[in-house]
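Structure data follow from query-v2.pdb (PDB, C-alpha atoms, pLDDT in the B column):
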```pdb
MODEL        1
ATOM      1  CA  MET A 257      22.239   0.978  -9.780  1.00 70.00           C
ATOM      2  CA  VAL A 258      25.201  -0.831  -8.214  1.00 75.00           C
ATOM      3  CA  ALA A 259      26.605   2.431  -6.881  1.00 77.00           C
ATOM      4  CA  TRP A 260      23.165   3.445  -5.569  1.00 79.00           C
ATOM      5  CA  TRP A 261      22.639   0.092  -3.851  1.00 82.00           C
ATOM      6  CA  SER A 262      26.092   0.076  -2.260  1.00 83.00           C
ATOM      7  CA  GLY A 263      25.456   3.552  -0.889  1.00 85.00           C
ATOM      8  CA  LEU A 264      22.343   2.503   1.001  1.00 88.00           C
ATOM      9  CA  ARG A 265      22.327   1.783   4.717  1.00 91.00           C
ATOM     10  CA  PRO A 266      21.538  -1.803   5.821  1.00 93.00           C
ATOM     11  CA  ALA A 267      18.034  -0.840   7.002  1.00 94.00           C
ATOM     12  CA  GLU A 268      17.318   0.837   3.659  1.00 95.00           C
ATOM     13  CA  ARG A 269      18.474  -2.236   1.734  1.00 95.00           C
ATOM     14  CA  LEU A 270      16.259  -4.430   3.886  1.00 96.00           C
ATOM     15  CA  CYS A 271      13.208  -2.218   3.332  1.00 96.00           C
ATOM     16  CA  HIS A 272      13.738  -1.970  -0.417  1.00 96.00           C
ATOM     17  CA  THR A 273      14.129  -5.753  -0.629  1.00 96.00           C
ATOM     18  CA  VAL A 274      10.996  -6.389   1.429  1.00 97.00           C
ATOM     19  CA  GLY A 275       9.070  -3.840  -0.622  1.00 96.00           C
ATOM     20  CA  LEU A 276      10.107  -5.540  -3.865  1.00 97.00           C
ATOM     21  CA  LEU A 277       9.091  -8.951  -2.492  1.00 97.00           C
ATOM     22  CA  LEU A 278       5.675  -7.585  -1.512  1.00 97.00           C
ATOM     23  CA  ILE A 279       5.194  -6.189  -5.028  1.00 97.00           C
ATOM     24  CA  LEU A 280       6.196  -9.548  -6.525  1.00 97.00           C
ATOM     25  CA  SER A 281       3.694 -11.231  -4.197  1.00 97.00           C
ATOM     26  CA  GLY A 282       0.953  -8.941  -5.481  1.00 96.00           C
ATOM     27  CA  LEU A 283       1.890  -9.685  -9.098  1.00 97.00           C
ATOM     28  CA  ALA A 284       2.018 -13.422  -8.390  1.00 97.00           C
ATOM     29  CA  HIS A 285      -1.509 -13.322  -6.991  1.00 95.00           C
ATOM     30  CA  LEU A 286      -2.642 -11.454 -10.080  1.00 95.00           C
ATOM     31  CA  VAL A 287      -1.548 -14.570 -12.005  1.00 95.00           C
ATOM     32  CA  VAL A 288      -3.403 -16.735  -9.478  1.00 95.00           C
ATOM     33  CA  PHE A 289      -6.528 -14.674 -10.089  1.00 94.00           C
ATOM     34  CA  ALA A 290      -6.134 -15.054 -13.861  1.00 93.00           C
ATOM     35  CA  VAL A 291      -5.889 -18.839 -13.473  1.00 93.00           C
ATOM     36  CA  ASP A 292      -8.348 -19.452 -10.638  1.00 91.00           C
ATOM     37  CA  GLY A 293     -10.895 -16.767 -11.480  1.00 85.00           C
ATOM     38  CA  GLY A 294     -13.588 -15.771  -9.027  1.00 85.00           C
ATOM     39  CA  PRO A 295     -14.950 -12.328  -8.163  1.00 85.00           C
ATOM     40  CA  TRP A 296     -12.687  -9.302  -8.153  1.00 85.00           C
ATOM     41  CA  ASP A 297     -14.833  -7.359  -5.704  1.00 81.00           C
ATOM     42  CA  GLY A 298     -16.145  -8.412  -2.323  1.00 78.00           C
ATOM     43  CA  PRO A 299     -14.615  -9.415   1.024  1.00 80.00           C
ATOM     44  CA  VAL A 300     -13.317 -12.731  -0.368  1.00 85.00           C
ATOM     45  CA  SER A 301     -11.366 -12.364  -3.618  1.00 89.00           C
ATOM     46  CA  TRP A 302      -7.835 -12.452  -5.012  1.00 92.00           C
ATOM     47  CA  ARG A 303      -8.058  -8.671  -5.358  1.00 91.00           C
ATOM     48  CA  LYS A 304      -6.953  -8.145  -1.773  1.00 92.00           C
ATOM     49  CA  PRO A 305      -3.546  -9.929  -1.897  1.00 95.00           C
ATOM     50  CA  VAL A 306      -2.948  -8.301  -5.290  1.00 95.00           C
ATOM     51  CA  THR A 307      -3.776  -4.720  -4.331  1.00 92.00           C
ATOM     52  CA  PHE A 308      -2.364  -4.883  -0.812  1.00 93.00           C
ATOM     53  CA  GLY A 309       0.861  -6.507  -1.977  1.00 96.00           C
ATOM     54  CA  LEU A 310       1.393  -3.878  -4.671  1.00 95.00           C
ATOM     55  CA  SER A 311       0.280  -0.993  -2.458  1.00 91.00           C
ATOM     56  CA  PHE A 312       2.245  -1.922   0.653  1.00 93.00           C
ATOM     57  CA  GLY A 313       5.332  -2.763  -1.387  1.00 95.00           C
ATOM     58  CA  ALA A 314       5.257   0.544  -3.255  1.00 93.00           C
ATOM     59  CA  THR A 315       4.540   2.475  -0.050  1.00 92.00           C
ATOM     60  CA  LEU A 316       7.412   0.809   1.835  1.00 95.00           C
ATOM     61  CA  ILE A 317       9.865   1.597  -0.957  1.00 95.00           C
ATOM     62  CA  ALA A 318       8.527   5.155  -1.253  1.00 93.00           C
ATOM     63  CA  VAL A 319       8.681   5.877   2.485  1.00 94.00           C
ATOM     64  CA  THR A 320      12.194   4.409   2.707  1.00 96.00           C
ATOM     65  CA  TRP A 321      13.367   6.719  -0.071  1.00 95.00           C
ATOM     66  CA  VAL A 322      11.400   9.819   0.936  1.00 95.00           C
ATOM     67  CA  THR A 323      12.497   9.694   4.586  1.00 95.00           C
ATOM     68  CA  SER A 324      16.108  10.047   3.403  1.00 94.00           C
ATOM     69  CA  PHE A 325      15.237  13.718   2.837  1.00 95.00           C
ATOM     70  CA  LEU A 326      14.026  14.161   6.438  1.00 95.00           C
ATOM     71  CA  ARG A 327      16.203  15.578   9.174  1.00 91.00           C
ATOM     72  CA  VAL A 328      15.860  12.559  11.461  1.00 90.00           C
ATOM     73  CA  GLY A 329      18.596  10.744  13.378  1.00 91.00           C
ATOM     74  CA  SER A 330      19.950   7.811  11.372  1.00 90.00           C
ATOM     75  CA  ARG A 331      19.427   5.284  14.173  1.00 93.00           C
ATOM     76  CA  LEU A 332      15.873   6.421  14.887  1.00 94.00           C
ATOM     77  CA  ARG A 333      15.014   6.395  11.185  1.00 95.00           C
ATOM     78  CA  ALA A 334      16.484   2.905  10.760  1.00 95.00           C
ATOM     79  CA  LEU A 335      14.482   1.597  13.730  1.00 96.00           C
ATOM     80  CA  LEU A 336      11.230   3.145  12.484  1.00 96.00           C
ATOM     81  CA  LEU A 337      11.786   1.788   8.969  1.00 96.00           C
ATOM     82  CA  ILE A 338      12.478  -1.748  10.205  1.00 97.00           C
ATOM     83  CA  VAL A 339       9.326  -1.725  12.330  1.00 96.00           C
ATOM     84  CA  PHE A 340       7.414  -0.323   9.353  1.00 96.00           C
ATOM     85  CA  ALA A 341       8.732  -3.083   7.073  1.00 97.00           C
ATOM     86  CA  ALA A 342       7.815  -5.776   9.606  1.00 96.00           C
ATOM     87  CA  ASP A 343       4.320  -4.315   9.940  1.00 95.00           C
ATOM     88  CA  CYS A 344       3.879  -4.286   6.148  1.00 96.00           C
ATOM     89  CA  VAL A 345       4.803  -7.975   6.041  1.00 96.00           C
ATOM     90  CA  VAL A 346       2.298  -8.771   8.796  1.00 95.00           C
ATOM     91  CA  GLU A 347      -0.478  -6.872   7.020  1.00 94.00           C
ATOM     92  CA  VAL A 348       0.097  -8.399   3.589  1.00 96.00           C
ATOM     93  CA  GLY A 349       0.795 -11.826   5.100  1.00 96.00           C
ATOM     94  CA  GLY A 350      -2.463 -11.870   7.058  1.00 94.00           C
ATOM     95  CA  ILE A 351      -4.488 -10.708   4.074  1.00 94.00           C
ATOM     96  CA  THR A 352      -2.838 -13.268   1.785  1.00 95.00           C
ATOM     97  CA  LEU A 353      -3.342 -16.088   4.300  1.00 94.00           C
ATOM     98  CA  GLN A 354      -7.062 -15.377   4.548  1.00 93.00           C
ATOM     99  CA  ALA A 355      -7.397 -15.148   0.772  1.00 92.00           C
ATOM    100  CA  TRP A 356      -5.995 -18.659   0.448  1.00 93.00           C
ATOM    101  CA  ARG A 357      -8.319 -19.831   3.219  1.00 91.00           C
ATOM    102  CA  ARG A 358     -11.238 -18.303   1.260  1.00 91.00           C
ATOM    103  CA  VAL A 359     -12.419 -16.154   4.156  1.00 89.00           C
ATOM    104  CA  PRO A 360     -12.490 -12.363   4.680  1.00 85.00           C
ATOM    105  CA  SER A 361      -9.295 -10.854   6.060  1.00 82.00           C
ATOM    106  CA  HIS A 362     -10.827  -7.830   7.785  1.00 74.00           C
ATOM    107  CA  LEU A 363     -13.793  -7.634  10.152  1.00 70.00           C
ATOM    108  CA  ASP A 364     -14.096 -11.440  10.278  1.00 73.00           C
ATOM    109  CA  MET A 365     -14.987 -12.706  13.767  1.00 76.00           C
ATOM    110  CA  GLU A 366     -16.539 -16.025  12.723  1.00 79.00           C
ATOM    111  CA  THR A 367     -13.932 -18.229  14.454  1.00 87.00           C
ATOM    112  CA  PRO A 368     -11.278 -17.604  17.138  1.00 89.00           C
ATOM    113  CA  PHE A 369      -8.514 -17.876  14.508  1.00 91.00           C
ATOM    114  CA  ASP A 370     -10.247 -15.430  12.162  1.00 87.00           C
ATOM    115  CA  THR A 371     -10.728 -13.053  15.069  1.00 87.00           C
ATOM    116  CA  VAL A 372      -7.001 -13.190  15.880  1.00 91.00           C
ATOM    117  CA  VAL A 373      -6.082 -12.452  12.263  1.00 90.00           C
ATOM    118  CA  SER A 374      -8.614  -9.635  11.977  1.00 86.00           C
ATOM    119  CA  MET A 375      -7.525  -7.984  15.224  1.00 87.00           C
ATOM    120  CA  THR A 376      -3.841  -8.408  14.316  1.00 91.00           C
ATOM    121  CA  LEU A 377      -4.479  -6.546  11.067  1.00 89.00           C
ATOM    122  CA  ALA A 378      -6.347  -3.830  12.973  1.00 84.00           C
ATOM    123  CA  VAL A 379      -3.506  -3.421  15.484  1.00 89.00           C
ATOM    124  CA  GLY A 380      -1.011  -3.423  12.620  1.00 90.00           C
ATOM    125  CA  GLY A 381      -2.986  -0.624  11.016  1.00 86.00           C
ATOM    126  CA  GLY A 382      -2.660   1.339  14.245  1.00 87.00           C
ATOM    127  CA  VAL A 383       1.102   0.828  14.215  1.00 92.00           C
ATOM    128  CA  LEU A 384       1.224   2.120  10.642  1.00 90.00           C
ATOM    129  CA  VAL A 385      -0.667   5.245  11.683  1.00 89.00           C
ATOM    130  CA  VAL A 386       1.791   5.958  14.504  1.00 92.00           C
ATOM    131  CA  LEU A 387       4.926   5.378  12.419  1.00 93.00           C
ATOM    132  CA  LEU A 388       3.816   7.417   9.422  1.00 93.00           C
ATOM    133  CA  THR A 389       2.539  10.217  11.663  1.00 93.00           C
ATOM    134  CA  VAL A 390       5.992  10.427  13.259  1.00 94.00           C
ATOM    135  CA  PHE A 391       7.569  10.785   9.821  1.00 95.00           C
ATOM    136  CA  ALA A 392       4.953  13.360   8.800  1.00 94.00           C
ATOM    137  CA  LEU A 393       5.607  15.457  11.897  1.00 94.00           C
ATOM    138  CA  ALA A 394       9.360  15.253  11.263  1.00 94.00           C
ATOM    139  CA  SER A 395       8.848  16.607   7.745  1.00 94.00           C
ATOM    140  CA  PHE A 396       7.103  19.694   9.136  1.00 93.00           C
ATOM    141  CA  ARG A 397       9.386  20.163  12.124  1.00 92.00           C
ATOM    142  CA  HIS A 398      12.496  20.627   9.969  1.00 92.00           C
ATOM    143  CA  ARG A 399      12.564  21.534   6.301  1.00 94.00           C
ATOM    144  CA  PRO A 400      13.344  18.421   4.217  1.00 95.00           C
ATOM    145  CA  THR A 401      16.484  18.448   2.095  1.00 94.00           C
ATOM    146  CA  GLY A 402      16.727  17.731  -1.630  1.00 93.00           C
ATOM    147  CA  PRO A 403      16.374  19.536  -4.951  1.00 93.00           C
ATOM    148  CA  ALA A 404      14.018  22.418  -5.669  1.00 92.00           C
ATOM    149  CA  GLY A 405      10.432  21.541  -4.849  1.00 94.00           C
ATOM    150  CA  MET A 406      11.328  18.419  -2.863  1.00 96.00           C
ATOM    151  CA  ALA A 407      10.507  19.974   0.515  1.00 95.00           C
ATOM    152  CA  LEU A 408       7.005  20.885  -0.674  1.00 96.00           C
ATOM    153  CA  ALA A 409       6.582  17.483  -2.331  1.00 96.00           C
ATOM    154  CA  VAL A 410       7.580  15.582   0.810  1.00 96.00           C
ATOM    155  CA  ARG A 411       5.465  17.677   3.141  1.00 95.00           C
ATOM    156  CA  SER A 412       2.443  17.571   0.828  1.00 95.00           C
ATOM    157  CA  GLY A 413       2.868  13.837   0.322  1.00 94.00           C
ATOM    158  CA  PHE A 414       2.937  13.113   4.036  1.00 94.00           C
ATOM    159  CA  ALA A 415       0.041  15.498   4.747  1.00 93.00           C
ATOM    160  CA  ILE A 416      -2.117  13.741   2.140  1.00 93.00           C
ATOM    161  CA  LEU A 417      -0.945  10.369   3.453  1.00 90.00           C
ATOM    162  CA  LEU A 418      -2.432  11.291   6.833  1.00 90.00           C
ATOM    163  CA  VAL A 419      -5.798  11.590   5.075  1.00 91.00           C
ATOM    164  CA  ALA A 420      -5.348   8.027   3.814  1.00 88.00           C
ATOM    165  CA  LEU A 421      -4.526   6.840   7.327  1.00 85.00           C
ATOM    166  CA  ALA A 422      -7.544   8.620   8.787  1.00 86.00           C
ATOM    167  CA  SER A 423      -9.899   7.173   6.182  1.00 85.00           C
ATOM    168  CA  GLY A 424      -8.450   3.699   6.722  1.00 80.00           C
ATOM    169  CA  ALA A 425      -8.910   3.987  10.480  1.00 78.00           C
ATOM    170  CA  ALA A 426     -12.494   5.173   9.937  1.00 80.00           C
ATOM    171  CA  MET A 427     -13.242   2.134   7.763  1.00 78.00           C
ATOM    172  CA  ILE A 428     -11.872  -0.268  10.344  1.00 75.00           C
ATOM    173  CA  ALA A 429     -13.586   1.459  13.279  1.00 74.00           C
ATOM    174  CA  ARG A 430     -17.025   1.504  11.649  1.00 75.00           C
ATOM    175  CA  GLY A 431     -16.623  -2.046  10.424  1.00 73.00           C
ATOM    176  CA  VAL A 432     -15.682  -3.323  13.878  1.00 70.00           C
ATOM    177  CA  VAL A 433     -18.673  -1.566  15.454  1.00 71.00           C
ATOM    178  CA  LEU A 434     -21.057  -3.104  12.917  1.00 72.00           C
ATOM    179  CA  THR A 435     -19.480  -6.527  13.364  1.00 69.00           C
ATOM    180  CA  ARG A 436     -19.709  -6.358  17.150  1.00 70.00           C
ATOM    181  CA  THR A 437     -23.379  -5.396  16.933  1.00 72.00           C
ATOM    182  CA  GLY A 438     -24.225  -8.349  14.713  1.00 70.00           C
ATOM    183  CA  HIS A 439     -24.269  -6.613  11.315  1.00 67.00           C
ATOM    184  CA  GLN A 440     -21.505  -8.608   9.608  1.00 65.00           C
ATOM    185  CA  GLU A 441     -22.680  -8.140   6.026  1.00 68.00           C
ATOM    186  CA  ALA A 442     -23.214  -4.413   6.559  1.00 66.00           C
ATOM    187  CA  ALA A 443     -19.679  -4.175   7.951  1.00 66.00           C
ATOM    188  CA  TYR A 444     -18.217  -5.519   4.707  1.00 66.00           C
ATOM    189  CA  HIS A 445     -20.169  -2.996   2.628  1.00 67.00           C
ATOM    190  CA  SER A 446     -19.584  -0.044   4.965  1.00 68.00           C
ATOM    191  CA  THR A 447     -16.019   0.500   3.705  1.00 70.00           C
ATOM    192  CA  ALA A 448     -16.995   1.111   0.050  1.00 72.00           C
ATOM    193  CA  PRO A 449     -17.597   4.910   0.228  1.00 78.00           C
ATOM    194  CA  LEU A 450     -14.182   5.574   1.772  1.00 80.00           C
ATOM    195  CA  LYS A 451     -12.133   3.307  -0.494  1.00 82.00           C
ATOM    196  CA  PRO A 452     -11.630   5.901  -3.296  1.00 84.00           C
ATOM    197  CA  LEU A 453     -10.490   8.517  -0.769  1.00 86.00           C
ATOM    198  CA  HIS A 454      -8.162   6.013   0.864  1.00 83.00           C
ATOM    199  CA  GLY A 455      -6.710   4.881  -2.456  1.00 83.00           C
ATOM    200  CA  VAL A 456      -6.236   8.336  -3.966  1.00 86.00           C
ATOM    201  CA  SER A 457      -4.505   9.808  -0.923  1.00 89.00           C
ATOM    202  CA  LEU A 458      -2.299   6.799  -0.176  1.00 84.00           C
ATOM    203  CA  HIS A 459       0.399   7.298  -2.797  1.00 87.00           C
ATOM    204  CA  ALA A 460       0.929  11.060  -2.888  1.00 91.00           C
ATOM    205  CA  VAL A 461       4.033  10.476  -0.777  1.00 91.00           C
ATOM    206  CA  LEU A 462       5.496   8.627  -3.784  1.00 91.00           C
ATOM    207  CA  VAL A 463       4.056  10.567  -6.739  1.00 93.00           C
ATOM    208  CA  LEU A 464       4.967  14.109  -5.669  1.00 95.00           C
ATOM    209  CA  PRO A 465       8.580  13.438  -4.545  1.00 96.00           C
ATOM    210  CA  VAL A 466       9.211  11.403  -7.733  1.00 95.00           C
ATOM    211  CA  LEU A 467       7.967  14.380  -9.746  1.00 96.00           C
ATOM    212  CA  ALA A 468      10.352  16.715  -7.875  1.00 96.00           C
ATOM    213  CA  TRP A 469      13.217  14.299  -8.479  1.00 95.00           C
ATOM    214  CA  LEU A 470      12.441  13.978 -12.205  1.00 96.00           C
ATOM    215  CA  LEU A 471      12.244  17.760 -12.543  1.00 96.00           C
ATOM    216  CA  SER A 472      15.699  18.033 -10.950  1.00 94.00           C
ATOM    217  CA  ARG A 473      17.015  16.111 -13.978  1.00 93.00           C
ATOM    218  CA  THR A 474      15.789  18.845 -16.346  1.00 93.00           C
ATOM    219  CA  SER A 475      17.422  22.148 -17.277  1.00 91.00           C
ATOM    220  CA  TRP A 476      14.489  24.192 -15.990  1.00 94.00           C
ATOM    221  CA  SER A 477      15.146  26.850 -13.372  1.00 94.00           C
ATOM    222  CA  GLU A 478      14.427  26.202  -9.696  1.00 94.00           C
ATOM    223  CA  PRO A 479      11.454  28.650  -9.562  1.00 94.00           C
ATOM    224  CA  VAL A 480       9.825  26.859 -12.496  1.00 96.00           C
ATOM    225  CA  ARG A 481      10.334  23.455 -10.899  1.00 95.00           C
ATOM    226  CA  ARG A 482       8.886  24.675  -7.614  1.00 95.00           C
ATOM    227  CA  ARG A 483       5.814  26.041  -9.391  1.00 96.00           C
ATOM    228  CA  ILE A 484       5.269  22.742 -11.209  1.00 97.00           C
ATOM    229  CA  VAL A 485       5.481  20.798  -7.937  1.00 96.00           C
ATOM    230  CA  ALA A 486       3.094  23.274  -6.298  1.00 96.00           C
ATOM    231  CA  ALA A 487       0.620  22.894  -9.177  1.00 97.00           C
ATOM    232  CA  ALA A 488       0.847  19.100  -8.968  1.00 96.00           C
ATOM    233  CA  ALA A 489       0.290  19.203  -5.205  1.00 95.00           C
ATOM    234  CA  GLY A 490      -2.739  21.443  -5.759  1.00 95.00           C
ATOM    235  CA  CYS A 491      -4.184  19.001  -8.304  1.00 94.00           C
ATOM    236  CA  TYR A 492      -3.615  16.132  -5.907  1.00 94.00           C
ATOM    237  CA  VAL A 493      -5.354  17.993  -3.099  1.00 93.00           C
ATOM    238  CA  ALA A 494      -8.285  18.703  -5.438  1.00 94.00           C
ATOM    239  CA  ALA A 495      -8.538  14.979  -6.239  1.00 93.00           C
ATOM    240  CA  VAL A 496      -8.506  14.128  -2.530  1.00 92.00           C
ATOM    241  CA  VAL A 497     -11.186  16.742  -1.799  1.00 93.00           C
ATOM    242  CA  GLY A 498     -13.313  15.342  -4.626  1.00 93.00           C
ATOM    243  CA  ALA A 499     -12.976  11.813  -3.263  1.00 90.00           C
ATOM    244  CA  GLY A 500     -13.816  13.127   0.197  1.00 89.00           C
ATOM    245  CA  VAL A 501     -16.971  14.849  -1.017  1.00 91.00           C
ATOM    246  CA  TRP A 502     -18.046  11.664  -2.805  1.00 88.00           C
ATOM    247  CA  ALA A 503     -17.452   9.699   0.400  1.00 83.00           C
ATOM    248  CA  LEU A 504     -19.616  12.114   2.403  1.00 84.00           C
ATOM    249  CA  LEU A 505     -22.424  11.968  -0.154  1.00 84.00           C
ATOM    250  CA  THR A 506     -22.460   8.164  -0.311  1.00 81.00           C
ATOM    251  CA  TYR A 507     -21.539   7.233   3.276  1.00 73.00           C
TER     252      TYR A 507
ENDMDL
END
```

Written as structure tokens, how would this file's structure read?
Amino acid sequence: MVAWWSGLRPAERLCHTVGLLLILSGLAHLVVFAVDGGPWDGPVSWRKPVTFGLSFGATLIAVTWVTSFLRVGSRLRALLLIVFAADCVVEVGGITLQAWRRVPSHLDMETPFDTVVSMTLAVGGGVLVVLLTVFALASFRHRPTGPAGMALAVRSGFAILLVALASGAAMIARGVVLTRTGHQEAAYHSTAPLKPLHGVSLHAVLVLPVLAWLLSRTSWSEPVRRRIVAAAAGCYVAAVVGAGVWALLTY
């Protein structure tokens, strides 16, 4: 671990540290939930700082590691990762702040301050879409490096991640429209059908490359490892399609 850490670039160390802190924040709020109680579901609950802290932390660490296999200039990659880390902090910070204030974090326009927080989170979501789309395009422009199956794992992970970004943007867009037209309660409930699709597709960029990396530690031949990664990617796509069909049927 010491050798691995010393071999990282400064931007990578920063992103891994921030990602770990976000995960610890999510775990800490899980303890808060256990002590304080309250509903787990709904627009106001401790679920949001827990799940967003864990999810954003894991995603930041995953993207930092996975982008090391992309053929992207080191300076450009470092800049994109730093902006991505800052955006993750803003997103989790805003959600956590509103949880402690006992008000919804998204789609809340009740007061000027709540509106600023809600719109900041929406803009931050847009920044995430741009940054991750740039990385996704880079993965398809030049074949990623790494062990057998890693190129397919990285490309599949980023392609599925774009589905998560699209479903997240759809949730925010519909929610904002309903809020602006005076249907606040409907806005909170409008995101439910897309949440499974968003959640399932969000972490393929971590799961599939980790699988390729673990397989590289085995004695299996490269063709076998590639076939296993391809089968895993196919199963993941099937899960995403299933979540998408469910979203269409219940939207």

Closest to A:Val359 among A:Ala404, A:Val300, A:Ala415, A:Leu421, using only C-alpha atoms? A:Val300

Work out how far atom CA of A:Pro305 is from atom CA of A:Ala290, in Å to one decimal. 13.3 Å

Which residues match the PyMOL selection byres ((chain A and resi 448-455) around 9) in the file above, as number ranges by chain? A: 417, 419-424, 426-427, 444-447, 456-459, 495-500, 502-507

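Residues of protein, DNA and RNA with at least one atom no farther than 8 Å from (10.3, 19.9, -2.3) are, using only C-alpha atoms, Pro400, Thr401, Gly402, Pro403, Ala404, Gly405, Met406, Ala407, Leu408, Ala409, Val410, Arg411, Pro465, Ala468, Arg482 and Val485 of chain A.
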
Taking all listed atoms of stretch 306-317 of chain A, build the axis-aligned box, pad each of the six sides by 6 Å, then write its centre and edge lengths in Å to one decimal as lines of an AutoDock Vina configuration file.
```
center_x = 3.0
center_y = -2.9
center_z = -1.7
size_x = 25.6
size_y = 22.8
size_z = 19.1
```

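When atom CA of A:Ala341 is paired with atom CA of A:Leu278, their separation reads 10.2 Å.
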
Have a look at atom CA of A:His285 and atom CA of A:Val306 and let me know their distance in Å, one decimal. 5.5 Å

Which residues, protein or nucleic acid, reach to within 12 Å of (12.6, -0.5, 9.9) in the file's coordinates when using all atoms listed in the file, and can you give that as a ChimeraX atom specification? /A:265-275,316-317,319-320,323,330-345,384,387-388

Go ahead and dump the residues you just picked, C-alpha atoms, as a PDB file, in the frame of the given file.
```pdb
ATOM      1  CA  ARG A 265      22.327   1.783   4.717  1.00 91.00           C
ATOM      2  CA  PRO A 266      21.538  -1.803   5.821  1.00 93.00           C
ATOM      3  CA  ALA A 267      18.034  -0.840   7.002  1.00 94.00           C
ATOM      4  CA  GLU A 268      17.318   0.837   3.659  1.00 95.00           C
ATOM      5  CA  ARG A 269      18.474  -2.236   1.734  1.00 95.00           C
ATOM      6  CA  LEU A 270      16.259  -4.430   3.886  1.00 96.00           C
ATOM      7  CA  CYS A 271      13.208  -2.218   3.332  1.00 96.00           C
ATOM      8  CA  HIS A 272      13.738  -1.970  -0.417  1.00 96.00           C
ATOM      9  CA  THR A 273      14.129  -5.753  -0.629  1.00 96.00           C
ATOM     10  CA  VAL A 274      10.996  -6.389   1.429  1.00 97.00           C
ATOM     11  CA  GLY A 275       9.070  -3.840  -0.622  1.00 96.00           C
ATOM     12  CA  LEU A 316       7.412   0.809   1.835  1.00 95.00           C
ATOM     13  CA  ILE A 317       9.865   1.597  -0.957  1.00 95.00           C
ATOM     14  CA  VAL A 319       8.681   5.877   2.485  1.00 94.00           C
ATOM     15  CA  THR A 320      12.194   4.409   2.707  1.00 96.00           C
ATOM     16  CA  THR A 323      12.497   9.694   4.586  1.00 95.00           C
ATOM     17  CA  SER A 330      19.950   7.811  11.372  1.00 90.00           C
ATOM     18  CA  ARG A 331      19.427   5.284  14.173  1.00 93.00           C
ATOM     19  CA  LEU A 332      15.873   6.421  14.887  1.00 94.00           C
ATOM     20  CA  ARG A 333      15.014   6.395  11.185  1.00 95.00           C
ATOM     21  CA  ALA A 334      16.484   2.905  10.760  1.00 95.00           C
ATOM     22  CA  LEU A 335      14.482   1.597  13.730  1.00 96.00           C
ATOM     23  CA  LEU A 336      11.230   3.145  12.484  1.00 96.00           C
ATOM     24  CA  LEU A 337      11.786   1.788   8.969  1.00 96.00           C
ATOM     25  CA  ILE A 338      12.478  -1.748  10.205  1.00 97.00           C
ATOM     26  CA  VAL A 339       9.326  -1.725  12.330  1.00 96.00           C
ATOM     27  CA  PHE A 340       7.414  -0.323   9.353  1.00 96.00           C
ATOM     28  CA  ALA A 341       8.732  -3.083   7.073  1.00 97.00           C
ATOM     29  CA  ALA A 342       7.815  -5.776   9.606  1.00 96.00           C
ATOM     30  CA  ASP A 343       4.320  -4.315   9.940  1.00 95.00           C
ATOM     31  CA  CYS A 344       3.879  -4.286   6.148  1.00 96.00           C
ATOM     32  CA  VAL A 345       4.803  -7.975   6.041  1.00 96.00           C
ATOM     33  CA  LEU A 384       1.224   2.120  10.642  1.00 90.00           C
ATOM     34  CA  LEU A 387       4.926   5.378  12.419  1.00 93.00           C
ATOM     35  CA  LEU A 388       3.816   7.417   9.422  1.00 93.00           C
TER      36      LEU A 388
END
```

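For the choices A:Met365, A:Tyr492, A:Gly313, A:Trp302, the atom-to-atom distance to A:Thr352 is smallest for A:Trp302 when using all atoms listed in the file.
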
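Minimum distance to A:Glu366 across A:Val383, A:Leu276, A:Arg436, A:Phe312 (counting all atoms listed in the file) occurs at A:Arg436.
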
Looking at only C-alpha atoms, which of A:Arg481, A:Arg473, A:Lys304, A:Arg327 is the one that sits closest to A:Ala392? A:Arg327

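Applied to the file shown here, the PyMOL selection byres ((chain A and resi 379) around 12) selects the residues Asp343, Cys344, Val346, Glu347, Gly350, His362, Val372, Val373, Ser374, Met375, Thr376, Leu377, Ala378, Gly380, Gly381, Gly382, Val383, Leu384, Val385, Val386, Ala425, Ile428 and Ala429 of chain A.
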
Would you please work out which residue, of A:Phe391, A:Trp469, A:Trp321, A:Phe369, is nearest to A:Trp260 when using only C-alpha atoms? A:Trp321

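Between A:Gly309 and the residues A:Leu280, A:His398, A:Val287, A:Ser324, the shortest atom-to-atom distance, using only C-alpha atoms, involves A:Leu280.
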